>>> print(open('coords-v2.cif').read())   # mmCIF, C-alpha atoms
data_my_file
#
loop_
_atom_site.label_atom_id
_atom_site.label_comp_id
_atom_site.auth_asym_id
_atom_site.auth_seq_id
_atom_site.Cartn_x
_atom_site.Cartn_y
_atom_site.Cartn_z
CA MET O 131 -63.42 -100.06 46.87
CA GLY O 132 -64.71 -98.06 49.77
CA LYS O 133 -66.22 -94.63 50.17
CA THR O 134 -64.18 -91.53 49.48
CA TRP O 135 -64.80 -87.85 50.03
CA SER O 136 -64.29 -85.39 47.21
CA PRO O 137 -66.40 -82.94 45.25
CA LYS O 138 -69.03 -84.65 43.13
CA GLY O 139 -67.70 -85.70 39.74
CA GLN O 140 -64.03 -85.36 40.74
CA THR O 141 -62.06 -88.52 41.32
CA PRO O 142 -60.03 -88.24 44.53
CA THR O 143 -56.29 -88.81 44.15
CA LEU O 144 -53.72 -89.66 46.76
CA PRO O 145 -50.14 -88.65 46.05
CA SER O 146 -47.64 -91.44 46.53
CA LYS O 147 -44.09 -92.14 45.56
CA LEU O 148 -43.69 -95.10 43.24
CA THR O 149 -41.26 -97.72 44.48
CA ARG O 150 -40.71 -101.41 44.10
CA ASP O 151 -40.86 -101.86 47.85
CA HIS O 152 -43.35 -104.49 48.96
CA LEU O 153 -44.25 -106.89 51.70
CA SER O 154 -44.66 -110.59 51.01
CA VAL O 155 -47.09 -112.45 53.23
CA ILE O 156 -47.82 -116.13 53.73
CA SER O 157 -50.64 -117.40 55.88
CA ALA O 158 -52.30 -120.53 57.14
CA ILE O 159 -55.59 -121.12 58.91
CA SER O 160 -56.96 -124.05 60.86
CA PRO O 161 -60.50 -125.42 61.09
CA GLU O 162 -60.35 -124.55 64.81
CA GLY O 163 -60.20 -120.86 63.90
CA GLU O 164 -56.49 -120.15 64.17
CA LEU O 165 -54.65 -117.77 61.84
CA PHE O 166 -50.90 -117.91 61.30
CA LEU O 167 -49.08 -115.26 59.31
CA ALA O 168 -45.51 -114.51 58.28
CA VAL O 169 -44.41 -111.25 56.66
CA ARG O 170 -41.14 -110.37 54.96
CA GLU O 171 -39.80 -107.65 52.72
CA THR O 172 -38.53 -110.06 50.07
CA ALA O 173 -40.41 -112.68 48.09
CA PHE O 174 -40.98 -116.05 49.69
CA ASP O 175 -38.63 -118.69 48.35
CA SER O 176 -38.54 -122.40 49.12
CA ASP O 177 -36.38 -121.91 52.21
CA ALA O 178 -38.81 -119.34 53.64
CA ILE O 179 -41.77 -121.63 52.96
CA ILE O 180 -39.98 -124.50 54.67
CA GLY O 181 -39.31 -122.21 57.63
CA PHE O 182 -43.01 -121.29 57.76
CA LEU O 183 -44.04 -124.98 57.67
CA ASP O 184 -41.54 -125.78 60.44
CA GLU O 185 -42.95 -122.93 62.54
CA LEU O 186 -46.52 -124.19 61.94
CA HIS O 187 -45.46 -127.66 63.05
CA TYR O 188 -43.79 -126.22 66.15
CA GLN O 189 -46.85 -124.16 67.09
CA MET O 190 -49.44 -126.84 66.31
CA ARG O 191 -47.48 -129.71 67.87
CA SER O 192 -49.26 -132.25 65.71
CA PRO O 193 -49.22 -133.74 62.22
CA LEU O 194 -50.37 -131.24 59.59
CA VAL O 195 -52.41 -131.45 56.44
CA VAL O 196 -51.70 -128.39 54.32
CA VAL O 197 -54.00 -127.60 51.41
CA TRP O 198 -52.41 -125.09 49.08
CA ASP O 199 -52.61 -123.76 45.57
CA GLY O 200 -50.54 -124.94 42.64
CA ALA O 201 -47.93 -122.16 42.76
CA ALA O 202 -44.60 -123.21 41.29
CA ILE O 203 -42.82 -122.46 44.57
CA HIS O 204 -44.97 -125.14 46.25
CA ARG O 205 -43.66 -127.76 43.81
CA SER O 206 -39.96 -126.88 44.03
CA GLN O 207 -37.17 -129.41 44.36
CA LYS O 208 -36.35 -128.04 47.83
CA ILE O 209 -39.91 -128.74 49.01
CA LYS O 210 -39.72 -132.27 47.56
CA HIS O 211 -36.35 -132.80 49.27
CA TYR O 212 -37.77 -131.44 52.53
CA LEU O 213 -40.62 -133.97 52.41
CA ALA O 214 -38.34 -136.84 51.40
CA HIS O 215 -35.97 -136.19 54.28
CA GLY O 216 -38.33 -136.36 57.22
CA ALA O 217 -41.10 -133.80 56.94
CA ALA O 218 -43.46 -136.29 55.27
CA LYS O 219 -43.73 -138.04 58.66
CA TRP O 220 -45.74 -135.13 60.05
CA LEU O 221 -46.74 -133.15 56.97
CA HIS O 222 -49.15 -134.03 54.18
CA LEU O 223 -49.43 -131.54 51.33
CA GLU O 224 -52.60 -131.51 49.26
CA ARG O 225 -52.63 -129.35 46.17
CA LEU O 226 -55.73 -127.58 44.94
CA PRO O 227 -56.60 -127.85 41.25
CA GLY O 228 -55.29 -125.21 38.84
CA TYR O 229 -57.04 -121.97 39.60
CA ALA O 230 -59.66 -122.61 42.26
CA PRO O 231 -59.76 -119.80 44.83
CA GLU O 232 -63.30 -120.84 45.77
CA LEU O 233 -61.82 -124.06 47.20
CA ASN O 234 -59.16 -122.30 49.26
CA PRO O 235 -60.43 -121.19 52.69
CA ASP O 236 -57.37 -118.97 53.12
CA GLU O 237 -58.65 -116.80 50.25
CA GLY O 238 -61.63 -115.93 52.46
CA ILE O 239 -59.30 -114.64 55.15
CA TRP O 240 -57.47 -112.47 52.64
CA HIS O 241 -60.75 -111.11 51.37
CA TYR O 242 -61.83 -110.32 54.92
CA LEU O 243 -58.51 -108.66 55.79
CA LYS O 244 -58.55 -106.51 52.66
CA GLN O 245 -62.25 -105.65 52.48
CA VAL O 246 -63.11 -105.35 56.18
CA GLU O 247 -60.13 -104.96 58.50
CA MET O 248 -57.95 -102.88 56.15
CA LYS O 249 -60.56 -101.28 53.91
CA ASN O 250 -59.71 -97.73 52.79
CA LEU O 251 -56.26 -98.00 54.35
CA CYS O 252 -53.55 -95.76 52.95
CA CYS O 253 -50.10 -96.12 54.49
CA ALA O 254 -47.17 -93.73 54.25
CA ASP O 255 -44.56 -96.50 54.07
CA GLN O 256 -43.87 -100.20 54.52
CA THR O 257 -43.34 -99.84 58.24
CA GLU O 258 -46.82 -98.43 58.69
CA LEU O 259 -48.28 -101.08 56.37
CA ARG O 260 -46.63 -103.86 58.39
CA THR O 261 -47.97 -102.35 61.61
CA LYS O 262 -51.50 -102.06 60.22
CA LEU O 263 -51.36 -105.61 58.84
CA THR O 264 -50.21 -106.92 62.22
CA GLU O 265 -53.04 -105.08 63.97
CA ALA O 266 -55.61 -106.38 61.46
CA THR O 267 -54.25 -109.92 61.84
CA GLN O 268 -54.54 -109.69 65.63
CA ARG O 269 -58.16 -108.57 65.30
CA VAL O 270 -58.94 -111.57 63.08
CA GLN O 271 -57.07 -113.91 65.43
CA ALA O 272 -59.40 -112.69 68.18
CA LYS O 273 -62.40 -113.73 66.01
CA PRO O 274 -62.00 -117.48 65.38
CA ASP O 275 -65.55 -117.66 64.03
CA ILE O 276 -64.43 -115.61 60.99
CA VAL O 277 -61.75 -118.19 60.21
CA LYS O 278 -64.16 -121.08 60.77
CA ALA O 279 -66.65 -119.43 58.41
CA CYS O 280 -64.01 -119.48 55.66
CA PHE O 281 -63.81 -123.26 55.98
CA LYS O 282 -67.59 -123.59 55.98
CA GLN O 283 -67.85 -121.42 52.86
CA THR O 284 -65.56 -123.79 50.93
CA GLY O 285 -67.45 -126.86 52.12
CA TYR O 286 -64.52 -128.49 53.99
CA TYR O 287 -66.01 -128.09 57.44
#
>>> encode(input="coords-v2.cif", output="structure tokens")
Amino acid sequence: MGKTWSPKGQTPTLPSKLTRDHLSVISAISPEGELFLAVRETAFDSDAIIGFLDELHYQMRSPLVVVWDGAAIHRSQKIKHYLAHGAAKWLHLERLPGYAPELNPDEGIWHYLKQVEMKNLCCADQTELRTKLTEATQRVQAKPDIVKACFKQTGYY
């Protein structure tokens, strides 16, 4: 939580309409300090994750080791099929134990985005939120030392 301005003893309130609208975001970081992000208005399914992994491979142009959490979507039959039919030649997936955010360097990036780059942000709609997220991501991408620090904090680097 950040600072707010209101009369002492009165909790500030921000009016907002309640909707089920949301943005889903997936990200990846590299030990070299790179940040990759994909945003969509619907939840990520196996096909979207496969598309993200293909895009990572295209951008990195090298074999990948992806360390990710144990989310059910990461263990889907489509992901297994994807690996079995060629992706395993350039992609190695390593799953983190149960609930271990302290071992996931990407959690550090999310903490930084939420608590530093987007702190106290209030958006009028999804379009503005997407714009602000894109701007915050670009600021972090311009600071590779922040990403590298997330790897150091987990002890991988």
>>> closest_atom_pairs(input="coords-v2.cif", of="segment 148-237 of chain O", to="segment 270-273 of chain O", cutoff="10 Å", atoms="all atoms listed in the file", output="Markdown table")
| residue | atom | partner | partner_atom | distance |
| --- | --- | --- | --- | --- |
| O:Ile159 | CA | O:Gln271 | CA | 9.8 |
| O:Gly163 | CA | O:Lys273 | CA | 7.8 |
| O:Glu164 | CA | O:Gln271 | CA | 6.4 |
| O:Leu165 | CA | O:Gln271 | CA | 5.8 |
| O:Phe166 | CA | O:Gln271 | CA | 8.4 |
>>> atom_distance(input="coords-v2.cif", atom1="atom CA of Leu144 of chain O", atom2="atom CA of Asn250 of chain O")
11.7 Å
>>> atom_distance(input="coords-v2.cif", atom1="atom CA of Leu223 of chain O", atom2="atom CA of Val196 of chain O")
4.9 Å
>>> resolve_selection(input="coords-v2.cif", expression="the PyMOL selection byres ((chain O and resi 221) around 10)", output="list in words")
Leu183, Asp184, His187, Ser192, Pro193, Leu194, Val195, Val196, Leu213, Gly216, Ala217, Ala218, Lys219, Trp220, His222, Leu223 and Glu224 of chain O
>>> write_last_selection(input="coords-v2.cif", atoms="C-alpha atoms", output="PDB file, in the frame of the given file")
ATOM      1  CA  LEU O 183     -44.040-124.980  57.670  1.00  0.00           C
ATOM      2  CA  ASP O 184     -41.540-125.780  60.440  1.00  0.00           C
ATOM      3  CA  HIS O 187     -45.460-127.660  63.050  1.00  0.00           C
ATOM      4  CA  SER O 192     -49.260-132.250  65.710  1.00  0.00           C
ATOM      5  CA  PRO O 193     -49.220-133.740  62.220  1.00  0.00           C
ATOM      6  CA  LEU O 194     -50.370-131.240  59.590  1.00  0.00           C
ATOM      7  CA  VAL O 195     -52.410-131.450  56.440  1.00  0.00           C
ATOM      8  CA  VAL O 196     -51.700-128.390  54.320  1.00  0.00           C
ATOM      9  CA  LEU O 213     -40.620-133.970  52.410  1.00  0.00           C
ATOM     10  CA  GLY O 216     -38.330-136.360  57.220  1.00  0.00           C
ATOM     11  CA  ALA O 217     -41.100-133.800  56.940  1.00  0.00           C
ATOM     12  CA  ALA O 218     -43.460-136.290  55.270  1.00  0.00           C
ATOM     13  CA  LYS O 219     -43.730-138.040  58.660  1.00  0.00           C
ATOM     14  CA  TRP O 220     -45.740-135.130  60.050  1.00  0.00           C
ATOM     15  CA  HIS O 222     -49.150-134.030  54.180  1.00  0.00           C
ATOM     16  CA  LEU O 223     -49.430-131.540  51.330  1.00  0.00           C
ATOM     17  CA  GLU O 224     -52.600-131.510  49.260  1.00  0.00           C
TER      18      GLU O 224
END
>>> axis_aligned_box(input="coords-v2.cif", around="segment 157-169 of chain O", padding_each_side="8 Å", output="lines of an AutoDock Vina configuration file")
center_x = -52.5
center_y = -118.3
center_z = 60.3
size_x = 32.1
size_y = 30.2
size_z = 24.9
>>> resolve_selection(input="coords-v2.cif", expression="the PyMOL selection byres ((chain O and resi 246) around 12)", output="count of residues only")
20
>>> build_atoms(input="coords-v2.cif", residues="segment 182-208 of chain O", atoms="N, CA and C atoms", output="PDB file, keeping the file's coordinate frame")
ATOM      1  N   PHE O 182     -41.621-121.517  57.337  1.00  0.00           N
ATOM      2  CA  PHE O 182     -43.010-121.290  57.760  1.00  0.00           C
ATOM      3  C   PHE O 182     -43.667-122.624  58.146  1.00  0.00           C
ATOM      4  N   LEU O 183     -43.464-123.670  57.350  1.00  0.00           N
ATOM      5  CA  LEU O 183     -44.040-124.980  57.670  1.00  0.00           C
ATOM      6  C   LEU O 183     -43.458-125.529  58.971  1.00  0.00           C
ATOM      7  N   ASP O 184     -42.154-125.350  59.184  1.00  0.00           N
ATOM      8  CA  ASP O 184     -41.540-125.780  60.440  1.00  0.00           C
ATOM      9  C   ASP O 184     -42.142-125.028  61.630  1.00  0.00           C
ATOM     10  N   GLU O 185     -42.362-123.723  61.461  1.00  0.00           N
ATOM     11  CA  GLU O 185     -42.950-122.930  62.540  1.00  0.00           C
ATOM     12  C   GLU O 185     -44.401-123.370  62.817  1.00  0.00           C
ATOM     13  N   LEU O 186     -45.148-123.670  61.756  1.00  0.00           N
ATOM     14  CA  LEU O 186     -46.520-124.190  61.940  1.00  0.00           C
ATOM     15  C   LEU O 186     -46.484-125.492  62.743  1.00  0.00           C
ATOM     16  N   HIS O 187     -45.579-126.370  62.351  1.00  0.00           N
ATOM     17  CA  HIS O 187     -45.460-127.660  63.050  1.00  0.00           C
ATOM     18  C   HIS O 187     -45.104-127.433  64.522  1.00  0.00           C
ATOM     19  N   TYR O 188     -44.192-126.529  64.783  1.00  0.00           N
ATOM     20  CA  TYR O 188     -43.790-126.220  66.150  1.00  0.00           C
ATOM     21  C   TYR O 188     -44.971-125.688  66.957  1.00  0.00           C
ATOM     22  N   GLN O 189     -45.729-124.769  66.376  1.00  0.00           N
ATOM     23  CA  GLN O 189     -46.850-124.160  67.090  1.00  0.00           C
ATOM     24  C   GLN O 189     -48.028-125.122  67.260  1.00  0.00           C
ATOM     25  N   MET O 190     -48.283-125.942  66.255  1.00  0.00           N
ATOM     26  CA  MET O 190     -49.440-126.840  66.310  1.00  0.00           C
ATOM     27  C   MET O 190     -49.138-128.119  67.100  1.00  0.00           C
ATOM     28  N   ARG O 191     -47.891-128.510  67.133  1.00  0.00           N
ATOM     29  CA  ARG O 191     -47.480-129.710  67.870  1.00  0.00           C
ATOM     30  C   ARG O 191     -48.224-130.972  67.453  1.00  0.00           C
ATOM     31  N   SER O 192     -48.550-131.065  66.183  1.00  0.00           N
ATOM     32  CA  SER O 192     -49.260-132.250  65.710  1.00  0.00           C
ATOM     33  C   SER O 192     -49.002-132.404  64.215  1.00  0.00           C
ATOM     34  N   PRO O 193     -49.344-133.578  63.675  1.00  0.00           N
ATOM     35  CA  PRO O 193     -49.220-133.740  62.220  1.00  0.00           C
ATOM     36  C   PRO O 193     -50.092-132.710  61.505  1.00  0.00           C
ATOM     37  N   LEU O 194     -49.648-132.273  60.337  1.00  0.00           N
ATOM     38  CA  LEU O 194     -50.370-131.240  59.590  1.00  0.00           C
ATOM     39  C   LEU O 194     -50.793-131.745  58.226  1.00  0.00           C
ATOM     40  N   VAL O 195     -51.968-131.304  57.814  1.00  0.00           N
ATOM     41  CA  VAL O 195     -52.410-131.450  56.440  1.00  0.00           C
ATOM     42  C   VAL O 195     -52.505-130.025  55.908  1.00  0.00           C
ATOM     43  N   VAL O 196     -51.720-129.730  54.897  1.00  0.00           N
ATOM     44  CA  VAL O 196     -51.700-128.390  54.320  1.00  0.00           C
ATOM     45  C   VAL O 196     -52.304-128.463  52.922  1.00  0.00           C
ATOM     46  N   VAL O 197     -53.364-127.692  52.723  1.00  0.00           N
ATOM     47  CA  VAL O 197     -54.000-127.600  51.410  1.00  0.00           C
ATOM     48  C   VAL O 197     -53.552-126.269  50.832  1.00  0.00           C
ATOM     49  N   TRP O 198     -52.881-126.328  49.675  1.00  0.00           N
ATOM     50  CA  TRP O 198     -52.410-125.090  49.080  1.00  0.00           C
ATOM     51  C   TRP O 198     -52.569-125.085  47.587  1.00  0.00           C
ATOM     52  N   ASP O 199     -52.401-123.900  47.007  1.00  0.00           N
ATOM     53  CA  ASP O 199     -52.610-123.760  45.570  1.00  0.00           C
ATOM     54  C   ASP O 199     -51.430-124.354  44.792  1.00  0.00           C
ATOM     55  N   GLY O 200     -51.527-124.309  43.500  1.00  0.00           N
ATOM     56  CA  GLY O 200     -50.540-124.940  42.640  1.00  0.00           C
ATOM     57  C   GLY O 200     -49.372-124.047  42.265  1.00  0.00           C
ATOM     58  N   ALA O 201     -49.050-123.049  43.070  1.00  0.00           N
ATOM     59  CA  ALA O 201     -47.930-122.160  42.760  1.00  0.00           C
ATOM     60  C   ALA O 201     -46.650-122.953  42.554  1.00  0.00           C
ATOM     61  N   ALA O 202     -45.846-122.508  41.619  1.00  0.00           N
ATOM     62  CA  ALA O 202     -44.600-123.210  41.290  1.00  0.00           C
ATOM     63  C   ALA O 202     -43.705-123.385  42.521  1.00  0.00           C
ATOM     64  N   ILE O 203     -43.667-122.386  43.377  1.00  0.00           N
ATOM     65  CA  ILE O 203     -42.820-122.460  44.570  1.00  0.00           C
ATOM     66  C   ILE O 203     -43.230-123.628  45.465  1.00  0.00           C
ATOM     67  N   HIS O 204     -44.488-124.017  45.426  1.00  0.00           N
ATOM     68  CA  HIS O 204     -44.970-125.140  46.250  1.00  0.00           C
ATOM     69  C   HIS O 204     -44.552-126.493  45.681  1.00  0.00           C
ATOM     70  N   ARG O 205     -44.062-126.505  44.445  1.00  0.00           N
ATOM     71  CA  ARG O 205     -43.660-127.760  43.810  1.00  0.00           C
ATOM     72  C   ARG O 205     -42.143-127.836  43.603  1.00  0.00           C
ATOM     73  N   SER O 206     -41.403-126.979  44.259  1.00  0.00           N
ATOM     74  CA  SER O 206     -39.960-126.880  44.030  1.00  0.00           C
ATOM     75  C   SER O 206     -39.217-128.140  44.482  1.00  0.00           C
ATOM     76  N   GLN O 207     -38.019-128.281  43.979  1.00  0.00           N
ATOM     77  CA  GLN O 207     -37.170-129.410  44.360  1.00  0.00           C
ATOM     78  C   GLN O 207     -36.833-129.358  45.857  1.00  0.00           C
ATOM     79  N   LYS O 208     -36.657-128.160  46.403  1.00  0.00           N
ATOM     80  CA  LYS O 208     -36.350-128.040  47.830  1.00  0.00           C
ATOM     81  C   LYS O 208     -37.516-128.547  48.684  1.00  0.00           C
TER      82      LYS O 208
END
